[in-house]
$ cat work.txt   # compact mmCIF, C-alpha atoms and all ligand atoms
# COMPACT_ATOMS: atom_id res chain seq x y z
CA MET A 1 -9.91 -10.77 20.67
CA SER A 2 -9.31 -14.23 19.28
CA GLU A 3 -8.70 -12.85 15.79
CA LEU A 4 -5.50 -11.21 17.01
CA LEU A 5 -2.17 -12.99 16.91
CA SER A 6 -0.83 -10.84 19.73
CA ASN A 7 -2.69 -9.12 22.53
CA ASN A 8 -1.91 -5.67 21.18
CA PRO A 9 -5.05 -4.19 19.57
CA PHE A 10 -3.04 -1.61 17.56
CA VAL A 11 -2.48 -3.81 14.57
CA VAL A 12 0.30 -2.95 12.18
CA GLY A 13 1.01 -4.41 8.79
CA LYS A 14 -2.17 -6.30 8.05
CA TYR A 15 -5.92 -5.85 8.06
CA ILE A 16 -7.74 -8.00 10.62
CA SER A 17 -11.29 -6.74 10.94
CA GLU A 18 -13.59 -3.78 11.49
CA ARG A 19 -12.82 -3.83 15.18
CA TYR A 20 -9.17 -2.85 14.80
CA PHE A 21 -9.73 -0.51 11.91
CA CYS A 22 -10.37 3.16 12.51
CA ASP A 23 -13.05 5.09 10.68
CA ARG A 24 -12.76 5.43 6.87
CA LYS A 25 -16.56 5.22 6.82
CA GLU A 26 -17.10 7.81 4.11
CA GLU A 27 -14.29 6.43 1.97
CA THR A 28 -15.68 2.91 2.30
CA GLU A 29 -19.17 4.09 1.34
CA PHE A 30 -17.71 5.98 -1.58
CA LEU A 31 -16.03 2.83 -2.84
CA VAL A 32 -19.22 0.80 -2.41
CA LYS A 33 -21.17 3.39 -4.34
CA GLN A 34 -18.72 3.59 -7.23
CA ILE A 35 -18.40 -0.15 -7.61
CA GLU A 36 -22.13 -0.80 -7.30
CA ASN A 37 -22.68 1.73 -10.05
CA GLY A 38 -20.21 0.13 -12.38
CA ARG A 39 -17.37 2.62 -12.09
CA ASN A 40 -13.70 1.83 -11.69
CA VAL A 41 -11.76 3.78 -9.07
CA ALA A 42 -8.22 5.16 -9.01
CA MET A 43 -7.07 5.81 -5.45
CA ILE A 44 -4.11 8.14 -5.19
CA ALA A 45 -2.65 8.88 -1.76
CA PRO A 46 0.77 9.20 -0.13
CA ARG A 47 2.62 6.18 1.16
CA ARG A 48 1.51 4.79 4.51
CA MET A 49 -1.76 6.67 4.52
CA GLY A 50 -3.80 3.47 4.54
CA LYS A 51 -4.69 2.70 0.92
CA SER A 52 -4.16 -1.05 1.02
CA ASP A 53 -5.95 -1.48 4.34
CA LEU A 54 -8.89 0.56 3.06
CA ILE A 55 -9.24 -1.78 0.10
CA HIS A 56 -9.18 -4.81 2.43
CA HIS A 57 -11.74 -3.11 4.65
CA PHE A 58 -13.96 -2.41 1.66
CA PHE A 59 -13.64 -6.04 0.55
CA ASN A 60 -14.68 -7.05 4.07
CA GLN A 61 -18.05 -5.24 3.91
CA ALA A 62 -20.94 -7.72 4.02
CA GLU A 63 -22.55 -6.49 0.79
CA ILE A 64 -19.26 -6.78 -1.06
CA ARG A 65 -18.23 -10.14 0.38
CA GLU A 66 -21.59 -11.67 -0.45
CA ASN A 67 -22.00 -10.34 -3.95
CA TYR A 68 -18.53 -10.33 -5.45
CA HIS A 69 -15.39 -12.32 -5.87
CA VAL A 70 -12.63 -10.00 -4.68
CA PHE A 71 -8.99 -10.09 -5.67
CA PHE A 72 -6.10 -8.01 -4.35
CA VAL A 73 -3.06 -7.89 -6.56
CA ASP A 74 0.01 -6.06 -5.27
CA ILE A 75 2.32 -5.34 -8.17
CA TYR A 76 4.91 -3.26 -6.29
CA ALA A 77 7.68 -5.77 -6.91
CA THR A 78 6.83 -6.60 -10.53
CA THR A 79 8.92 -5.30 -13.43
CA SER A 80 7.41 -6.90 -16.52
CA LEU A 81 4.16 -8.05 -18.07
CA SER A 82 5.09 -11.67 -17.33
CA GLU A 83 5.36 -10.91 -13.64
CA PHE A 84 2.08 -9.00 -13.75
CA VAL A 85 0.31 -11.93 -15.37
CA TYR A 86 1.89 -14.34 -12.91
CA THR A 87 0.83 -12.25 -9.90
CA LEU A 88 -2.71 -11.80 -11.20
CA GLY A 89 -3.12 -15.49 -12.04
CA LYS A 90 -1.76 -16.58 -8.70
CA GLU A 91 -4.05 -14.25 -6.73
CA ILE A 92 -7.12 -15.41 -8.61
CA TYR A 93 -6.26 -19.04 -8.11
CA GLU A 94 -5.32 -18.68 -4.44
CA GLN A 95 -8.56 -16.85 -3.65
CA LEU A 96 -10.71 -19.40 -5.38
CA LYS A 97 -8.85 -22.44 -4.07
CA PRO A 98 -10.86 -22.91 -0.87
CA LYS A 99 -14.16 -22.48 -2.72
CA SER A 100 -15.88 -25.29 -4.46
CA THR A 101 -17.59 -23.83 -7.49
CA ALA A 102 -17.88 -25.00 -11.03
CA TRP A 103 -16.13 -21.81 -12.04
CA LYS A 104 -13.05 -22.65 -10.01
CA GLU A 105 -12.84 -26.05 -11.62
CA LYS A 106 -12.50 -24.37 -15.00
CA PHE A 107 -9.37 -22.41 -14.05
CA PHE A 108 -6.68 -24.61 -15.53
CA GLN A 109 -9.00 -25.72 -18.30
CA MET A 110 -9.47 -22.17 -19.56
CA ILE A 111 -6.03 -20.89 -18.74
CA ALA A 112 -4.50 -23.57 -20.88
CA SER A 113 -1.16 -21.84 -21.25
CA LEU A 114 -0.50 -22.42 -17.56
CA ARG A 115 -1.50 -26.03 -17.54
CA VAL A 116 2.05 -27.12 -18.28
CA GLY A 117 3.27 -26.03 -14.90
CA PHE A 118 0.48 -26.90 -12.59
CA LYS A 119 0.90 -29.76 -10.17
CA LEU A 120 -1.20 -31.59 -7.67
CA ASP A 121 -0.61 -31.01 -3.98
CA SER A 122 0.95 -34.19 -2.63
CA MET A 123 -1.06 -33.98 0.59
CA THR A 124 -4.50 -33.02 -0.65
CA GLY A 125 -4.43 -33.95 -4.33
CA ALA A 126 -5.79 -30.50 -5.20
CA PRO A 127 -4.21 -28.56 -8.08
CA THR A 128 -1.68 -25.98 -6.89
CA PHE A 129 -0.44 -22.81 -8.49
CA ASP A 130 3.07 -24.09 -8.16
CA LEU A 131 4.37 -22.23 -11.17
CA GLY A 132 7.60 -20.43 -11.80
CA LEU A 133 7.80 -17.19 -13.69
CA GLY A 134 9.41 -19.18 -16.49
CA ASP A 135 6.12 -21.00 -17.00
CA ILE A 136 4.64 -17.79 -18.39
CA GLN A 137 5.91 -18.34 -21.91
CA SER A 138 3.62 -15.92 -23.65
CA PRO A 139 2.24 -13.35 -21.20
CA GLN A 140 -0.22 -11.85 -23.66
CA THR A 141 -1.80 -15.23 -24.36
CA THR A 142 -2.07 -15.98 -20.65
CA LEU A 143 -3.53 -12.54 -20.01
CA ASP A 144 -6.16 -13.12 -22.71
CA GLU A 145 -7.02 -16.42 -21.10
CA ILE A 146 -7.27 -14.92 -17.63
CA PHE A 147 -9.67 -12.25 -18.87
CA ALA A 148 -11.70 -14.81 -20.79
CA TYR A 149 -11.87 -16.81 -17.58
CA ILE A 150 -13.03 -13.82 -15.57
CA ASN A 151 -15.76 -13.18 -18.10
CA GLU A 152 -17.18 -16.60 -17.23
CA ALA A 153 -17.31 -15.86 -13.50
CA ASP A 154 -20.35 -17.00 -11.55
CA LYS A 155 -20.38 -13.67 -9.64
CA SER A 156 -19.14 -10.20 -10.50
CA CYS A 157 -15.51 -9.67 -9.61
CA ILE A 158 -13.60 -6.76 -8.14
CA ILE A 159 -9.91 -6.68 -8.89
CA ALA A 160 -7.80 -4.24 -6.91
CA ILE A 161 -4.41 -3.57 -8.40
CA ASP A 162 -2.25 -2.05 -5.70
CA GLU A 163 0.78 0.09 -6.61
CA PHE A 164 -0.63 0.34 -10.11
CA GLN A 165 1.84 3.04 -11.22
CA GLN A 166 4.38 0.24 -11.43
CA ILE A 167 3.09 -0.76 -14.87
CA GLY A 168 4.64 2.49 -16.14
CA GLU A 169 8.05 1.07 -15.24
CA TYR A 170 7.69 -2.23 -17.09
CA ALA A 171 10.25 -3.31 -19.63
CA GLU A 172 7.53 -3.47 -22.31
CA THR A 173 6.17 -0.14 -23.50
CA ASN A 174 2.62 -1.01 -24.52
CA VAL A 175 1.32 -2.43 -21.24
CA GLU A 176 -0.93 0.51 -20.39
CA ALA A 177 -2.72 0.35 -23.72
CA LEU A 178 -2.94 -3.42 -23.62
CA LEU A 179 -4.43 -3.52 -20.14
CA ARG A 180 -6.80 -0.68 -20.86
CA THR A 181 -8.27 -2.59 -23.79
CA LYS A 182 -8.66 -5.76 -21.76
CA ILE A 183 -10.22 -3.95 -18.83
CA GLN A 184 -12.63 -2.03 -21.01
CA ARG A 185 -13.87 -5.23 -22.62
CA CYS A 186 -14.15 -7.11 -19.36
CA ARG A 187 -17.84 -7.44 -18.50
CA ARG A 188 -17.49 -9.38 -15.28
CA ALA A 189 -14.94 -7.36 -13.33
CA GLN A 190 -14.47 -3.90 -12.00
CA PHE A 191 -11.20 -2.43 -10.97
CA ILE A 192 -9.64 -0.40 -8.20
CA PHE A 193 -6.24 0.99 -9.08
CA SER A 194 -4.28 2.35 -6.18
CA GLY A 195 -0.93 4.02 -6.03
CA SER A 196 1.21 6.45 -4.11
CA LYS A 197 3.19 8.13 -6.84
CA ARG A 198 0.86 11.03 -7.35
CA HIS A 199 2.54 12.36 -10.43
CA MET A 200 2.62 9.03 -12.26
CA MET A 201 -0.88 8.01 -11.23
CA SER A 202 -2.42 11.31 -12.07
CA ASN A 203 -0.63 11.34 -15.39
CA MET A 204 -2.05 7.91 -16.22
CA PHE A 205 -5.65 8.76 -15.41
CA ASN A 206 -5.93 12.47 -16.12
CA THR A 207 -3.91 13.00 -19.30
CA SER A 208 -6.07 12.90 -22.40
CA SER A 209 -3.45 11.19 -24.54
CA LYS A 210 -2.99 8.28 -22.11
CA PRO A 211 -4.86 4.97 -22.44
CA PHE A 212 -6.45 5.10 -18.97
CA TYR A 213 -7.71 8.66 -19.40
CA GLN A 214 -11.16 9.01 -17.81
CA SER A 215 -11.46 5.30 -17.25
CA ALA A 216 -11.78 5.59 -13.47
CA ILE A 217 -13.10 7.93 -10.81
CA THR A 218 -10.12 9.28 -8.91
CA MET A 219 -10.14 9.55 -5.14
CA GLY A 220 -7.59 10.74 -2.59
CA LEU A 221 -7.14 9.75 1.02
CA GLU A 222 -6.66 12.29 3.78
CA PRO A 223 -5.40 11.53 7.30
CA ILE A 224 -8.02 10.13 9.66
CA PRO A 225 -9.28 13.15 11.65
CA MET A 226 -7.44 13.51 14.95
CA GLU A 227 -10.60 13.40 17.11
CA THR A 228 -11.81 10.26 15.41
CA TYR A 229 -8.49 8.49 15.86
CA THR A 230 -8.31 9.65 19.48
CA ASP A 231 -11.71 8.09 20.25
CA PHE A 232 -10.66 4.89 18.54
CA ALA A 233 -7.41 4.69 20.52
CA ILE A 234 -9.03 5.47 23.87
CA HIS A 235 -11.66 2.85 23.22
CA LEU A 236 -9.05 0.18 22.50
CA PHE A 237 -7.17 1.05 25.70
CA GLU A 238 -10.31 1.04 27.85
CA GLU A 239 -11.55 -2.20 26.37
CA ASN A 240 -8.34 -3.80 27.58
CA GLY A 241 -8.30 -2.29 31.04
CA LYS A 242 -5.79 0.48 30.28
CA HIS A 243 -6.22 4.24 30.05
CA LEU A 244 -4.98 6.81 27.59
CA GLU A 245 -4.62 10.57 27.95
CA PRO A 246 -5.99 12.28 24.82
CA ALA A 247 -3.00 14.67 24.79
CA VAL A 248 -0.77 11.72 23.87
CA VAL A 249 -2.67 11.12 20.65
CA SER A 250 -2.74 14.77 19.67
CA ALA A 251 1.02 15.05 20.18
CA ILE A 252 1.67 12.03 17.95
CA TRP A 253 -0.89 12.99 15.37
CA GLN A 254 0.67 16.42 15.02
CA GLN A 255 4.22 15.15 14.91
CA TYR A 256 3.44 12.73 12.06
CA SER A 257 0.87 14.93 10.29
CA GLY A 258 -1.73 12.23 10.84
CA TYR A 259 -0.03 9.71 8.53
CA THR A 260 -1.74 6.55 9.63
CA TRP A 261 1.10 4.05 9.80
CA PHE A 262 3.36 6.27 11.92
CA VAL A 263 0.56 7.12 14.34
CA GLN A 264 -0.46 3.48 14.59
CA MET A 265 3.15 2.31 15.15
CA MET A 266 3.53 4.75 18.04
CA MET A 267 0.22 3.70 19.59
CA ASN A 268 1.20 0.06 19.30
CA GLU A 269 4.40 0.73 21.27
CA LEU A 270 2.69 2.99 23.80
CA TYR A 271 0.09 0.32 24.42
CA ALA A 272 2.89 -2.17 25.03
CA LEU A 273 4.60 0.21 27.47
CA THR A 274 1.44 0.87 29.48
CA PRO A 275 1.03 -1.59 32.36
CA SER A 276 -2.27 -3.33 32.86
CA GLY A 277 -4.61 -0.93 34.69
CA GLY A 278 -2.17 1.95 34.07
CA THR A 279 -2.49 5.20 32.15
CA CYS A 280 -0.57 6.15 29.04
CA HIS A 281 0.70 9.73 29.40
CA SER A 282 2.89 12.18 27.48
CA GLY A 283 5.95 11.35 29.58
CA MET A 284 6.13 8.02 27.73
CA LEU A 285 6.43 9.50 24.24
CA ASP A 286 10.21 9.72 24.04
CA GLU A 287 10.77 6.16 25.12
CA ALA A 288 8.12 4.89 22.72
CA LYS A 289 9.66 6.73 19.80
CA ARG A 290 13.12 5.48 20.66
CA ASN A 291 11.86 1.89 20.82
CA VAL A 292 10.07 2.18 17.50
CA ILE A 293 13.16 3.58 15.80
CA LEU A 294 15.40 0.91 17.33
CA SER A 295 13.02 -1.80 16.15
CA GLN A 296 13.51 -0.55 12.59
CA GLU A 297 17.23 0.11 12.86
CA ASN A 298 18.48 -3.02 11.08
CA GLY A 299 16.33 -2.17 8.12
CA TYR A 300 17.68 1.38 8.05
CA LYS A 301 21.26 0.12 8.14
CA ASP A 302 20.54 -2.18 5.22
CA LEU A 303 19.03 0.66 3.24
CA MET A 304 22.04 2.85 3.90
CA SER A 305 24.56 0.17 3.01
CA ASN A 306 22.94 -0.19 -0.40
CA LEU A 307 22.84 3.51 -1.18
CA PRO A 308 25.55 5.23 -3.29
CA PRO A 309 27.64 7.63 -1.17
CA ARG A 310 26.33 10.81 -2.80
CA GLN A 311 22.73 9.84 -2.22
CA LYS A 312 23.57 9.06 1.39
CA VAL A 313 24.99 12.51 1.97
CA VAL A 314 21.99 14.23 0.42
CA LEU A 315 19.51 11.97 2.23
CA GLN A 316 21.08 12.74 5.57
CA ALA A 317 21.21 16.45 4.78
CA ILE A 318 17.49 16.45 4.02
CA ALA A 319 16.81 14.50 7.22
CA LYS A 320 18.77 17.00 9.28
CA GLU A 321 16.76 19.84 7.80
CA GLY A 322 13.46 18.05 8.49
CA VAL A 323 11.72 19.91 5.72
CA ALA A 324 14.44 20.95 3.27
CA GLN A 325 14.15 23.97 0.99
CA ASN A 326 16.49 25.39 -1.64
CA ILE A 327 18.50 22.21 -1.76
CA THR A 328 20.54 23.35 -4.72
CA SER A 329 21.48 26.68 -3.13
CA SER A 330 25.13 27.31 -2.30
CA LYS A 331 24.14 27.66 1.35
CA PHE A 332 22.74 24.12 1.49
CA ILE A 333 25.62 22.69 -0.50
CA LYS A 334 28.23 24.31 1.75
CA LYS A 335 26.45 23.42 4.95
CA TYR A 336 26.46 19.72 4.10
CA ASN A 337 29.74 19.53 2.19
CA ILE A 338 28.19 18.42 -1.08
CA ASN A 339 30.15 18.66 -4.33
CA SER A 340 27.79 20.66 -6.50
CA ALA A 341 24.21 21.60 -7.25
CA SER A 342 24.13 19.10 -10.09
CA SER A 343 25.16 16.27 -7.79
CA VAL A 344 22.32 17.22 -5.42
CA GLN A 345 19.91 17.14 -8.33
CA ALA A 346 21.09 13.76 -9.53
CA ALA A 347 20.92 12.30 -6.02
CA VAL A 348 17.46 13.71 -5.28
CA LYS A 349 16.10 12.35 -8.53
CA ASN A 350 17.07 8.84 -7.46
CA LEU A 351 15.95 9.33 -3.87
CA LEU A 352 12.52 10.42 -5.13
CA LYS A 353 12.31 7.56 -7.58
CA ASN A 354 13.10 5.00 -4.90
CA ASP A 355 10.68 6.48 -2.39
CA PHE A 356 13.21 7.66 0.17
CA VAL A 357 12.17 11.26 -0.19
CA THR A 358 8.94 13.04 -1.02
CA GLN A 359 8.61 16.37 -2.67
CA GLU A 360 5.95 19.00 -2.24
CA ASP A 361 6.39 22.09 -4.40
CA ASN A 362 10.01 22.92 -3.71
CA THR A 363 10.39 21.29 -0.33
CA TYR A 364 11.73 17.83 0.35
CA ARG A 365 11.57 15.50 3.31
CA VAL A 366 12.48 11.91 4.09
CA TYR A 367 9.12 10.28 3.76
CA ASP A 368 9.57 7.86 6.67
CA PHE A 369 9.47 10.04 9.78
CA PHE A 370 11.23 7.43 11.93
CA PHE A 371 14.00 6.89 9.39
CA SER A 372 14.39 10.63 9.12
CA GLU A 373 14.88 11.00 12.84
CA TRP A 374 17.34 8.11 12.94
CA LEU A 375 19.34 9.66 10.10
CA ALA A 376 19.39 13.06 11.73
CA THR A 377 20.30 11.98 15.24
CA MET A 378 21.72 8.47 15.40
CA TYR A 379 23.37 7.62 12.10
N1 LIG B 1 -8.09 2.90 9.24
C1 LIG B 1 -7.03 2.43 9.91
N2 LIG B 1 -7.11 2.15 11.24
C2 LIG B 1 -6.03 1.71 11.91
N3 LIG B 1 -4.83 1.51 11.36
C3 LIG B 1 -4.70 1.75 10.04
C4 LIG B 1 -5.78 2.22 9.24
N4 LIG B 1 -5.34 2.39 7.98
C5 LIG B 1 -4.03 2.05 8.00
N5 LIG B 1 -3.64 1.66 9.23
C6 LIG B 1 -2.30 1.28 9.66
O1 LIG B 1 -1.37 1.84 8.77
C7 LIG B 1 -0.60 0.83 8.16
C8 LIG B 1 -0.35 1.22 6.72
O2 LIG B 1 -1.54 1.14 5.98
P1 LIG B 1 -1.53 0.66 4.48
O3 LIG B 1 -0.57 -0.43 4.28
O4 LIG B 1 -2.93 0.46 4.09
O5 LIG B 1 -0.97 1.99 3.80
P2 LIG B 1 -0.64 2.24 2.29
O6 LIG B 1 -1.16 3.61 1.96
O7 LIG B 1 -1.10 1.12 1.46
O8 LIG B 1 0.95 2.29 2.36
P3 LIG B 1 2.03 1.97 1.20
O9 LIG B 1 2.00 3.14 0.28
O10 LIG B 1 3.33 1.90 1.96
O11 LIG B 1 1.63 0.70 0.55
C9 LIG B 1 -1.41 -0.43 8.32
O12 LIG B 1 -0.59 -1.57 8.38
C10 LIG B 1 -2.10 -0.21 9.65
O13 LIG B 1 -1.23 -0.53 10.70
MG MG B 2 -0.12 -0.24 0.25
$ encode --input "work.txt" --output "structure tokens" --more "lines below"
Ligand SMILES: Nc1ncnc2c1ncn2[C@@H]1O[C@H](COP(=O)(O)OP(=O)(O)OP(=O)(O)O)[C@@H](O)[C@H]1O
Ligand SMILES: [Mg+2]
Amino acid sequence: MSELLSNNPFVVGKYISERYFCDRKEETEFLVKQIENGRNVAMIAPRRMGKSDLIHHFFNQAEIRENYHVFFVDIYATTSLSEFVYTLGKEIYEQLKPKSTAWKEKFFQMIASLRVGFKLDSMTGAPTFDLGLGDIQSPQTTLDEIFAYINEADKSCIIAIDEFQQIGEYAETNVEALLRTKIQRCRRAQFIFSGSKRHMMSNMFNTSSKPFYQSAITMGLEPIPMETYTDFAIHLFEENGKHLEPAVVSAIWQQYSGYTWFVQMMMNELYALTPSGGTCHSGMLDEAKRNVILSQENGYKDLMSNLPPRQKVVLQAIAKEGVAQNITSSKFIKKYNINSASSVQAAVKNLLKNDFVTQEDNTYRVYDFFFSEWLATMY
């Protein structure tokens, strides 16, 4: 248990180890197989399903850890090629920092365009990646240098680029083509591209006119099967001297359609509510849900305070419906006092873009189940 920061074995928000990670055996094997056979992978799955954790879990497999340098680059918050280059450079340097290899020593030598900014740590004397974005004067040059550096690696590399669809939103227009060329020519690294915006990701990898067309094997990610998650949860309770009724897990799993984060959040709270030696039962579900929602409430209030009034109205209307259909119908518009069908359309477009809402065929729902419930009942 010493790996855990808390004594709650239902870990949320970061990958710790195999022990606290449920299943994903086939998906992990699939990734191992693709990478070992020289194929890049594009992983496309809804938000909160467990994409990032799966990549960390894959990186943590003995055969991967031993044979590859692994890098995890999350580009969710980046908006330009400069920021991409900065994030990639920083991740590579931070990962290599604790290692003492001749390759690491060459970092600032080969990535000469960054040498201007780099400083020595006043405590250890080691070089630090203490750069500002402004130090990336010419992102294309730095990118060339980073790829040249990777090509000199002493081991093969795996670079996971999380939230990859973001490159489609960059200020520059040619980033996809530019990266595709670099990646194709890179002999020493393989890539995992993951993203949650199905439409954008699928468009990037499956449209014949797009640069990344057929450059990766695409994979999806389904919910962890209910029985498998139930066994995992019961095991973690028992291991810690607590008990869990299987009906609790099935109720949660069904309520949140098996979306991993929501299920795991509920189990984390239920574990906390169960006294040592006690049994977690269905009577505790309401309290657990209320606590989880309250723990997120400040964040929800912030989100709402930053949302334009029309989007707020539509968001709450969708939340009240649960799964909303015919949102431009006069019935829906009247029921929720919205101005017009066109204002619903404009609002929904932004809500989708900013990940508040998800769409499936012609139905919409607030993607965060807890937020949805808060909007519908407490806001
Ligand atoms: N296999 C698993 N076993 C246990 N918990 C998991 C597993 N996969 C994911 N989780 C839980 O779900 C949370 C969300 O997972 P993760 O961040 O990987 O999802 P994601 O698909 O990358 O989400 P986002 O689209 O928001 O980035 C994790 O922090 C963890 O608590
Ligand atoms: Mg993620």
$ residues_near_point --input "work.txt" --point "(24.0, 9.5, -1.1)" --cutoff "10 Å" --atoms "only C-alpha atoms" --output "list in words"
Met304, Asn306, Leu307, Pro308, Pro309, Arg310, Gln311, Lys312, Val313, Val314, Leu315, Gln316, Ala317, Ile338, Ser343, Val344, Ala346, Ala347, Val348, Asn350 and Leu351 of chain A
$ residues_near_point --input "work.txt" --point "(9.1, -1.9, 26.5)" --cutoff "10 Å" --atoms "only C-alpha atoms" --output "PyMOL selection string"
chain A and resi 269-275+287-288+291-292
$ atom_distance --input "work.txt" --atom1 "CA of Arg24 in chain A" --atom2 "atom C2 of ligand LIG 1 (chain B)"
9.2 Å
$ residues_around --input "work.txt" --residues "range 25-29 of chain A" --least-positions-apart "4" --cutoff "8 Å" --atoms "only C-alpha atoms" --output "PDB file with C-alpha atoms, keeping the file's coordinate frame"
ATOM      1  CA  LYS A  33     -21.170   3.390  -4.340  1.00  0.00           C
ATOM      2  CA  LEU A  54      -8.890   0.560   3.060  1.00  0.00           C
ATOM      3  CA  HIS A  57     -11.740  -3.110   4.650  1.00  0.00           C
ATOM      4  CA  PHE A  58     -13.960  -2.410   1.660  1.00  0.00           C
ATOM      5  CA  LEU A 221      -7.140   9.750   1.020  1.00  0.00           C
TER       6      LEU A 221
END
$ residues_around --input "work.txt" --residues "His56 in chain A" --least-positions-apart "3" --cutoff "10 Å" --atoms "all atoms listed in the file" --output "PDB file with C-alpha atoms, keeping the file's coordinate frame"
ATOM      1  CA  LYS A  14      -2.170  -6.300   8.050  1.00  0.00           C
ATOM      2  CA  TYR A  15      -5.920  -5.850   8.060  1.00  0.00           C
ATOM      3  CA  ILE A  16      -7.740  -8.000  10.620  1.00  0.00           C
ATOM      4  CA  SER A  17     -11.290  -6.740  10.940  1.00  0.00           C
ATOM      5  CA  LYS A  51      -4.690   2.700   0.920  1.00  0.00           C
ATOM      6  CA  SER A  52      -4.160  -1.050   1.020  1.00  0.00           C
ATOM      7  CA  ASP A  53      -5.950  -1.480   4.340  1.00  0.00           C
ATOM      8  CA  PHE A  59     -13.640  -6.040   0.550  1.00  0.00           C
ATOM      9  CA  ASN A  60     -14.680  -7.050   4.070  1.00  0.00           C
ATOM     10  CA  GLN A  61     -18.050  -5.240   3.910  1.00  0.00           C
ATOM     11  CA  VAL A  70     -12.630 -10.000  -4.680  1.00  0.00           C
ATOM     12  CA  PHE A  71      -8.990 -10.090  -5.670  1.00  0.00           C
ATOM     13  CA  PHE A  72      -6.100  -8.010  -4.350  1.00  0.00           C
ATOM     14  CA  ALA A 160      -7.800  -4.240  -6.910  1.00  0.00           C
TER      15      ALA A 160
END
$ atom_distance --input "work.txt" --atom1 "CA of Gly134 in chain A" --atom2 "CA of Glu169 in chain A"
20.3 Å
$ residues_near_ligand --input "work.txt" --ligand "ligand LIG 1 (chain B)" --cutoff "6 Å" --atoms "only C-alpha atoms and all ligand atoms" --output "list in words"
Val11, Val12, Gly13, Lys14, Phe21, Cys22, Asp23, Arg24, Arg47, Arg48, Met49, Gly50, Lys51, Ser52, Asp53, Ser196, Thr260, Trp261 and Gln264 of chain A
$ write_last_selection --input "work.txt" --atoms "C-alpha atoms" --output "short mmCIF file (atom, residue, chain, number, x, y, z; two decimals), in the frame of the given file"
data_model
loop_
_atom_site.label_atom_id
_atom_site.label_comp_id
_atom_site.auth_asym_id
_atom_site.auth_seq_id
_atom_site.Cartn_x
_atom_site.Cartn_y
_atom_site.Cartn_z
CA VAL A 11 -2.48 -3.81 14.57
CA VAL A 12 0.30 -2.95 12.18
CA GLY A 13 1.01 -4.41 8.79
CA LYS A 14 -2.17 -6.30 8.05
CA PHE A 21 -9.73 -0.51 11.91
CA CYS A 22 -10.37 3.16 12.51
CA ASP A 23 -13.05 5.09 10.68
CA ARG A 24 -12.76 5.43 6.87
CA ARG A 47 2.62 6.18 1.16
CA ARG A 48 1.51 4.79 4.51
CA MET A 49 -1.76 6.67 4.52
CA GLY A 50 -3.80 3.47 4.54
CA LYS A 51 -4.69 2.70 0.92
CA SER A 52 -4.16 -1.05 1.02
CA ASP A 53 -5.95 -1.48 4.34
CA SER A 196 1.21 6.45 -4.11
CA THR A 260 -1.74 6.55 9.63
CA TRP A 261 1.10 4.05 9.80
CA GLN A 264 -0.46 3.48 14.59
#
